[in-house]
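J.: Take this structure, written in structure tokens, and hold onto it; I'll ask about it next.
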Amino acid sequence: MDFTLSDEQQQLHESLVAFARDVVEPEAGARDREGRFDRAVWDACGEVGLTGICISEEYGGGGAGALDTGLALEALAYGGHDAGLGLSMGAHLVIGSKPIDLHGTPEQKAKYLPKLASGEWIGAFGITEPDAGSDTASLTSRGVRDGDHWILNGTKTFITNGPVCDVFTVVVRTDPDASAGAGMTAFVLDADTPGLSVGNHLDKMGNRSSPTSEMIMEDVRVPDSARLGAEGSALWAVGFECFDWERTVMLGSAIGGMQRGLDDAIAYAKQREAFGKPIAHFQAIGHKFADMKMNLEASRLMLRQGAWLKDQGLEHMMEASMAKAFIAKCALENADNAIQVHGGWGYIKDFPVERAWRDAKLSSIGGGTTEIQKMVISRMLLS
Ligand SMILES: Cc1cc2nc3c(=O)[nH]c(=O)nc-3n(C[C@H](O)[C@H](O)[C@H](O)COP(=O)(O)OP(=O)(O)OC[C@H]3O[C@@H](n4cnc5c(N)ncnc54)[C@H](O)[C@@H]3O)c2cc1C
């Protein structure tokens, strides 16, 4: 078994960490306080190829697989310390763009992918509804045929990048009589399509530089050419595939955040003195670093195992769900320990560790909750 990164992978990681330290980190705290998405930072990410890293090369992307995409998100989070940007980037890549890359017609790919890859356009994806989150099969947004067009109605919520997106991929119910999980179809919509609007902006506890909102469809009329993939099969072919990308890739951001939290806590403990010596010399503090390091390395290995299996085309559903649930727990534990090492200052907003704790909580919710991951794991064990 070889767990080492190739020279190219190491180079990718190092160059993105350096970029993120220079461009992303300086205003990260301010963006969190203000709940502000920064278009200039996004555009800079486009210039270094981040916004298209996993999009096919023939459409201007980097053609990276799950492992390298996760590695890029890890580097962005480690150097940039801006989990919200990581969330927006991850959503743009793996749920906003990848479904078009995988299922789009040649015309859809040619229209959307080059601009998504360059970052000129921002992607978003909507499956969640106010009354259908974990139970996506119960969604009620409707798509009704009207000759060679479709009329879409319904409200999607918790949409990452909703307020800033140019391209919105949405899953709606097109056959209300189909059996559970069937009868759903995906559509790619231009954000300025008449009838499509941004609803309430959602004010989040963490990841605050990533904009989140409802997306409302009121008699949105689109031609059949806006349909993404086959009619009736979107829940499995598009929705669950998005979840799979989320589970094998997006928590690269959490890994980068954990590494950064550990580095920062160690640096603080070496210079903060109590009882006449640096607190790093106390065994109780050292044990926290040991716990954080074990959580970090186990999380990293689990994520990379799932991503590697995915890249090889091998079965990885269990590994992806295990990684998602485990990393969510470790990220929060590590953020908690980083605050504890900082003592009272860790509780104060001047230090970024309290932000990391608020950011880390999302890992157990977005892209399928920890309870749902454990349901997947236990069902597979018991089948
Ligand atoms: C910041 C953020 C960004 C997001 N971005 C997007 C996005 O871009 N696009 C999108 O479509 N969605 C997005 N989501 C939605 C996210 O995927 C859902 O919030 C998540 O799947 C949970 O759904 P829910 O919030 O409706 O919770 P619910 O499904 O109502 O769950 C509530 C609680 O019940 C538990 N529960 C539910 N069912 C079961 C069960 N069978 N067994 C045991 N426990 C259960 C859950 O684990 C949870 O603890 C985002 C959410 C957040 C918070």
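Chain labels A, B, ... are given in the sequence in which chains occur in the structure tokens; within each chain residues are numbered consecutively from 1, and ligands are likewise numbered from 1 in the order shown.
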Using only C-alpha atoms and all ligand atoms, determine which residues fall within 8 Å of ligand 1, then list them as a ChimeraX atom specification.

T.: /A:87,91,95,124-136,156-162,204,206-207,212,362,365-372,375

J.: DSSP on the backbone: which residues in range 267-329 of chain A end up as helix (DSSP H, G or I)? Give the answer as a count of residues only.

T.: 50

J.: Got a sec to tell me which of range 262-343 of chain A DSSP assigns to strand (DSSP E or B), as a PyMOL selection string?

T.: chain A and resi 273-274+277-278

J.: Given the selection you just returned, output its residues as a file containing N, CA, C and O atoms, formatted as an mmCIF file, in the first residue's frame.

T.:
data_model
loop_
_atom_site.group_PDB
_atom_site.id
_atom_site.type_symbol
_atom_site.label_atom_id
_atom_site.label_comp_id
_atom_site.auth_asym_id
_atom_site.auth_seq_id
_atom_site.Cartn_x
_atom_site.Cartn_y
_atom_site.Cartn_z
ATOM 1 N N GLU A 273 2.103 31.366 28.251
ATOM 2 C CA GLU A 273 2.692 30.825 29.487
ATOM 3 C C GLU A 273 1.683 30.805 30.629
ATOM 4 O O GLU A 273 0.834 31.681 30.745
ATOM 5 N N ALA A 274 1.774 29.779 31.479
ATOM 6 C CA ALA A 274 1.008 29.707 32.730
ATOM 7 C C ALA A 274 1.875 28.960 33.739
ATOM 8 O O ALA A 274 2.636 28.051 33.347
ATOM 9 N N LYS A 277 5.637 28.577 32.700
ATOM 10 C CA LYS A 277 6.170 27.910 31.498
ATOM 11 C C LYS A 277 5.117 27.854 30.396
ATOM 12 O O LYS A 277 3.912 28.005 30.683
ATOM 13 N N PRO A 278 5.565 27.615 29.161
ATOM 14 C CA PRO A 278 4.589 27.525 28.069
ATOM 15 C C PRO A 278 3.585 26.400 28.344
ATOM 16 O O PRO A 278 3.983 25.324 28.826
#

J.: Compare A:Ser209, A:Ser233, A:Ser88, A:Asn334 by their minimum atom-to-atom distance to Gly35 in chain A, counting only C-alpha atoms, and give me the closest one.

T.: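 Checking each candidate against Gly35 in chain A, we get A:Ser209 as the closest.
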
J.: CA of Ala44 in chain A and CA of Val94 in chain A, how far apart in Å?

T.: 19.2 Å

J.: Considering only C-alpha atoms, return as a PyMOL selection string whatever protein or nucleic-acid residues lie within 9 Å of Val249 in chain A, sequence-local ones (same chain, fewer than 4 positions apart) excluded.

T.: chain A and resi 66-71+73+90+94+244-245+253+303-304+306-307

J.: Within 12 Å of range 101-122 of chain A, which residues of range 127-233 of chain A show up? Give each one with its shortest atom-to-atom distance in Å (one decimal) and the two atoms involved, counting only C-alpha atoms, rows by chain then rising residue number, as a tab-separated table.

T.:
residue	atom	partner	partner_atom	distance
A:Thr160	CA	A:Ile122	CA	10.5
A:Asn161	CA	A:Ile122	CA	7.5
A:Gly162	CA	A:Ile122	CA	9.3
A:Pro163	CA	A:Ile122	CA	10.1
A:Val164	CA	A:Ile122	CA	7.0
A:Cys165	CA	A:Ile122	CA	4.8
A:Asp166	CA	A:Ile122	CA	5.3
A:Val167	CA	A:Ile122	CA	6.4
A:Phe168	CA	A:Ile122	CA	8.8
A:Thr169	CA	A:Gly104	CA	11.0
A:Thr185	CA	A:His103	CA	12.0
A:Ala186	CA	A:His103	CA	10.0
A:Phe187	CA	A:Gly104	CA	9.9
A:Val188	CA	A:Gln108	CA	8.4
A:Leu189	CA	A:Tyr112	CA	10.2
A:Asp190	CA	A:Tyr112	CA	9.3
A:Ala191	CA	A:Ile122	CA	9.9
A:Pro211	CA	A:Ile122	CA	11.7
A:Asp224	CA	A:Thr105	CA	11.6
A:Ser225	CA	A:Gln108	CA	8.2
A:Ala226	CA	A:Gln108	CA	7.8
A:Arg227	CA	A:Gly104	CA	8.6
A:Leu228	CA	A:Gly104	CA	5.8
A:Gly229	CA	A:His103	CA	5.3
A:Ala230	CA	A:His103	CA	8.7
A:Glu231	CA	A:His103	CA	11.9
A:Ser233	CA	A:His103	CA	11.5

J.: For range 144-148 of chain A, find every residue with an atom within 9 Å (counting only C-alpha atoms), except residues of its own chain fewer than 5 positions away, and show them as a VMD selection string.

T.: chain A and resid 153 173 to 175 221 to 225

J.: May I have the selected residues written with N, CA and C atoms, as a CSV table (one decimal), in the first residue's frame?

T.:
chain,number,residue,atom,x,y,z
A,153,ASN,N,-42.7,24.2,-10.8
A,153,ASN,CA,-43.1,25.0,-9.6
A,153,ASN,C,-42.6,24.3,-8.3
A,173,ARG,N,-40.4,16.6,-9.1
A,173,ARG,CA,-41.2,15.4,-9.3
A,173,ARG,C,-42.0,15.6,-10.7
A,174,THR,N,-41.7,14.7,-11.6
A,174,THR,CA,-42.5,14.8,-12.9
A,174,THR,C,-43.5,13.7,-13.0
A,175,ASP,N,-43.5,12.7,-12.2
A,175,ASP,CA,-44.5,11.6,-12.3
A,175,ASP,C,-45.0,11.3,-10.8
A,221,ARG,N,-41.1,28.2,-17.2
A,221,ARG,CA,-41.3,27.4,-18.5
A,221,ARG,C,-40.0,27.2,-19.2
A,222,VAL,N,-39.6,25.9,-19.3
A,222,VAL,CA,-38.3,25.7,-20.0
A,222,VAL,C,-38.5,24.6,-21.1
A,223,PRO,N,-37.8,24.7,-22.2
A,223,PRO,CA,-37.9,23.6,-23.2
A,223,PRO,C,-37.3,22.3,-22.7
A,224,ASP,N,-37.7,21.2,-23.3
A,224,ASP,CA,-37.3,19.9,-22.9
A,224,ASP,C,-35.7,19.8,-23.0
A,225,SER,N,-35.1,20.7,-23.8
A,225,SER,CA,-33.6,20.7,-23.9
A,225,SER,C,-33.0,21.1,-22.6

J.: So that I can check the surroundings of range 309-326 of chain A, please list as a PyMOL selection string every protein, DNA and RNA residue that reaches within 6 Å of it, counting only C-alpha atoms and ignoring chain neighbours fewer than 6 positions away.

T.: chain A and resi 65+247-248+302-303+370+373+377

J.: Keeping all heavy atoms, export the residues of the selection given above as a PDB file, in the first residue's frame.

T.:
ATOM      1  N   GLY A  65      -9.904  13.902 -10.609  1.00  0.00           N
ATOM      2  CA  GLY A  65     -10.829  12.953  -9.999  1.00  0.00           C
ATOM      3  C   GLY A  65     -11.181  13.396  -8.583  1.00  0.00           C
ATOM      4  O   GLY A  65     -10.850  14.506  -8.145  1.00  0.00           O
ATOM      5  N   ARG A 247     -19.744  13.293  -0.387  1.00  0.00           N
ATOM      6  CA  ARG A 247     -19.176  12.489   0.700  1.00  0.00           C
ATOM      7  C   ARG A 247     -17.732  12.105   0.458  1.00  0.00           C
ATOM      8  O   ARG A 247     -16.976  11.923   1.413  1.00  0.00           O
ATOM      9  CB  ARG A 247     -20.041  11.225   0.905  1.00  0.00           C
ATOM     10  CG  ARG A 247     -21.358  11.572   1.527  1.00  0.00           C
ATOM     11  CD  ARG A 247     -22.393  10.461   1.438  1.00  0.00           C
ATOM     12  NE  ARG A 247     -23.704  11.058   1.655  1.00  0.00           N
ATOM     13  CZ  ARG A 247     -24.853  10.415   1.552  1.00  0.00           C
ATOM     14  NH1 ARG A 247     -24.870   9.137   1.238  1.00  0.00           N
ATOM     15  NH2 ARG A 247     -25.991  11.048   1.764  1.00  0.00           N
ATOM     16  N   THR A 248     -17.346  11.977  -0.805  1.00  0.00           N
ATOM     17  CA  THR A 248     -15.971  11.546  -1.074  1.00  0.00           C
ATOM     18  C   THR A 248     -15.017  12.714  -1.291  1.00  0.00           C
ATOM     19  O   THR A 248     -13.807  12.512  -1.343  1.00  0.00           O
ATOM     20  CB  THR A 248     -15.909  10.636  -2.333  1.00  0.00           C
ATOM     21  OG1 THR A 248     -16.600  11.280  -3.387  1.00  0.00           O
ATOM     22  CG2 THR A 248     -16.515   9.274  -2.072  1.00  0.00           C
ATOM     23  N   MET A 302      -9.392   8.088   5.750  1.00  0.00           N
ATOM     24  CA  MET A 302     -10.733   7.592   5.384  1.00  0.00           C
ATOM     25  C   MET A 302     -11.274   8.333   4.161  1.00  0.00           C
ATOM     26  O   MET A 302     -11.860   7.725   3.268  1.00  0.00           O
ATOM     27  CB  MET A 302     -11.700   7.746   6.565  1.00  0.00           C
ATOM     28  CG  MET A 302     -11.454   6.709   7.634  1.00  0.00           C
ATOM     29  SD  MET A 302     -12.601   6.864   9.009  1.00  0.00           S
ATOM     30  CE  MET A 302     -14.010   5.975   8.376  1.00  0.00           C
ATOM     31  N   LEU A 303     -11.054   9.643   4.131  1.00  0.00           N
ATOM     32  CA  LEU A 303     -11.549  10.408   2.982  1.00  0.00           C
ATOM     33  C   LEU A 303     -10.836   9.966   1.711  1.00  0.00           C
ATOM     34  O   LEU A 303     -11.457   9.745   0.666  1.00  0.00           O
ATOM     35  CB  LEU A 303     -11.349  11.912   3.199  1.00  0.00           C
ATOM     36  CG  LEU A 303     -12.044  12.770   2.149  1.00  0.00           C
ATOM     37  CD1 LEU A 303     -13.558  12.798   2.378  1.00  0.00           C
ATOM     38  CD2 LEU A 303     -11.513  14.202   2.124  1.00  0.00           C
ATOM     39  N   THR A 370     -25.275  12.930   9.794  1.00  0.00           N
ATOM     40  CA  THR A 370     -24.551  11.791  10.372  1.00  0.00           C
ATOM     41  C   THR A 370     -25.505  10.626  10.626  1.00  0.00           C
ATOM     42  O   THR A 370     -25.150   9.457  10.405  1.00  0.00           O
ATOM     43  CB  THR A 370     -23.858  12.235  11.680  1.00  0.00           C
ATOM     44  OG1 THR A 370     -22.800  13.133  11.320  1.00  0.00           O
ATOM     45  CG2 THR A 370     -23.289  11.053  12.447  1.00  0.00           C
ATOM     46  N   GLN A 373     -25.915   8.849   7.412  1.00  0.00           N
ATOM     47  CA  GLN A 373     -24.719   8.056   7.070  1.00  0.00           C
ATOM     48  C   GLN A 373     -24.713   6.747   7.862  1.00  0.00           C
ATOM     49  O   GLN A 373     -24.414   5.677   7.335  1.00  0.00           O
ATOM     50  CB  GLN A 373     -23.418   8.826   7.367  1.00  0.00           C
ATOM     51  CG  GLN A 373     -23.309  10.200   6.736  1.00  0.00           C
ATOM     52  CD  GLN A 373     -23.713  10.233   5.285  1.00  0.00           C
ATOM     53  OE1 GLN A 373     -23.328   9.372   4.505  1.00  0.00           O
ATOM     54  NE2 GLN A 373     -24.505  11.220   4.911  1.00  0.00           N
ATOM     55  N   ILE A 377     -24.661   2.890   6.556  1.00  0.00           N
ATOM     56  CA  ILE A 377     -23.654   1.915   6.993  1.00  0.00           C
ATOM     57  C   ILE A 377     -24.334   0.694   7.615  1.00  0.00           C
ATOM     58  O   ILE A 377     -24.030  -0.460   7.267  1.00  0.00           O
ATOM     59  CB  ILE A 377     -22.683   2.560   8.016  1.00  0.00           C
ATOM     60  CG1 ILE A 377     -21.918   3.718   7.367  1.00  0.00           C
ATOM     61  CG2 ILE A 377     -21.716   1.522   8.579  1.00  0.00           C
ATOM     62  CD1 ILE A 377     -21.269   4.673   8.359  1.00  0.00           C
TER      63      ILE A 377
END

J.: From the set A:Ala237, A:Leu152, A:Met89, A:Val24, which residue has the shortest atom-to-atom contact distance to Gly123 in chain A, counting only C-alpha atoms?

T.: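 Looking only at the distances to Gly123 in chain A, the closest residue turns out to be A:Met89.
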
J.: Excluding same-chain residues fewer than 3 positions from Cys330 in chain A, what lies within 9 Å of it counting only C-alpha atoms, as JSON, numbers by chain?

T.: {"A": [258, 292, 295, 296, 299, 325, 326, 327, 333, 334, 335]}

J.: Write out, as an mmCIF file, in the first residue's frame, the residues just selected, with N, CA, C and O atoms.

T.:
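Result file is result03.cif:
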data_model
loop_
_atom_site.group_PDB
_atom_site.id
_atom_site.type_symbol
_atom_site.label_atom_id
_atom_site.label_comp_id
_atom_site.auth_asym_id
_atom_site.auth_seq_id
_atom_site.Cartn_x
_atom_site.Cartn_y
_atom_site.Cartn_z
ATOM 1 N N MET A 258 -8.984 21.119 9.952
ATOM 2 C CA MET A 258 -8.442 20.405 11.132
ATOM 3 C C MET A 258 -6.929 20.591 11.221
ATOM 4 O O MET A 258 -6.371 20.786 12.306
ATOM 5 N N MET A 292 -5.940 15.303 18.649
ATOM 6 C CA MET A 292 -6.262 16.038 17.415
ATOM 7 C C MET A 292 -5.536 15.430 16.218
ATOM 8 O O MET A 292 -6.091 15.304 15.125
ATOM 9 N N ASN A 295 -7.194 12.112 15.230
ATOM 10 C CA ASN A 295 -8.447 12.397 14.504
ATOM 11 C C ASN A 295 -8.162 12.858 13.079
ATOM 12 O O ASN A 295 -8.810 12.428 12.127
ATOM 13 N N LEU A 296 -7.169 13.748 12.953
ATOM 14 C CA LEU A 296 -6.839 14.317 11.645
ATOM 15 C C LEU A 296 -6.363 13.242 10.681
ATOM 16 O O LEU A 296 -6.860 13.135 9.548
ATOM 17 N N SER A 299 -9.025 10.690 9.756
ATOM 18 C CA SER A 299 -10.014 11.321 8.858
ATOM 19 C C SER A 299 -9.463 11.423 7.446
ATOM 20 O O SER A 299 -10.137 11.124 6.461
ATOM 21 N N ALA A 325 -19.340 10.508 8.249
ATOM 22 C CA ALA A 325 -19.763 10.526 9.664
ATOM 23 C C ALA A 325 -18.567 10.704 10.592
ATOM 24 O O ALA A 325 -18.620 11.461 11.576
ATOM 25 N N PHE A 326 -17.470 10.025 10.280
ATOM 26 C CA PHE A 326 -16.296 10.065 11.166
ATOM 27 C C PHE A 326 -15.634 11.441 11.139
ATOM 28 O O PHE A 326 -15.298 12.007 12.184
ATOM 29 N N ILE A 327 -15.472 11.983 9.950
ATOM 30 C CA ILE A 327 -14.814 13.299 9.838
ATOM 31 C C ILE A 327 -15.660 14.370 10.528
ATOM 32 O O ILE A 327 -15.127 15.272 11.190
ATOM 33 N N GLU A 333 -14.746 17.769 17.305
ATOM 34 C CA GLU A 333 -13.903 17.487 18.493
ATOM 35 C C GLU A 333 -12.620 18.301 18.435
ATOM 36 O O GLU A 333 -12.174 18.880 19.424
ATOM 37 N N ASN A 334 -11.996 18.337 17.248
ATOM 38 C CA ASN A 334 -10.727 19.072 17.120
ATOM 39 C C ASN A 334 -10.927 20.571 17.294
ATOM 40 O O ASN A 334 -10.116 21.242 17.937
ATOM 41 N N ALA A 335 -12.017 21.088 16.734
ATOM 42 C CA ALA A 335 -12.288 22.523 16.881
ATOM 43 C C ALA A 335 -12.511 22.844 18.358
ATOM 44 O O ALA A 335 -12.061 23.883 18.866
#
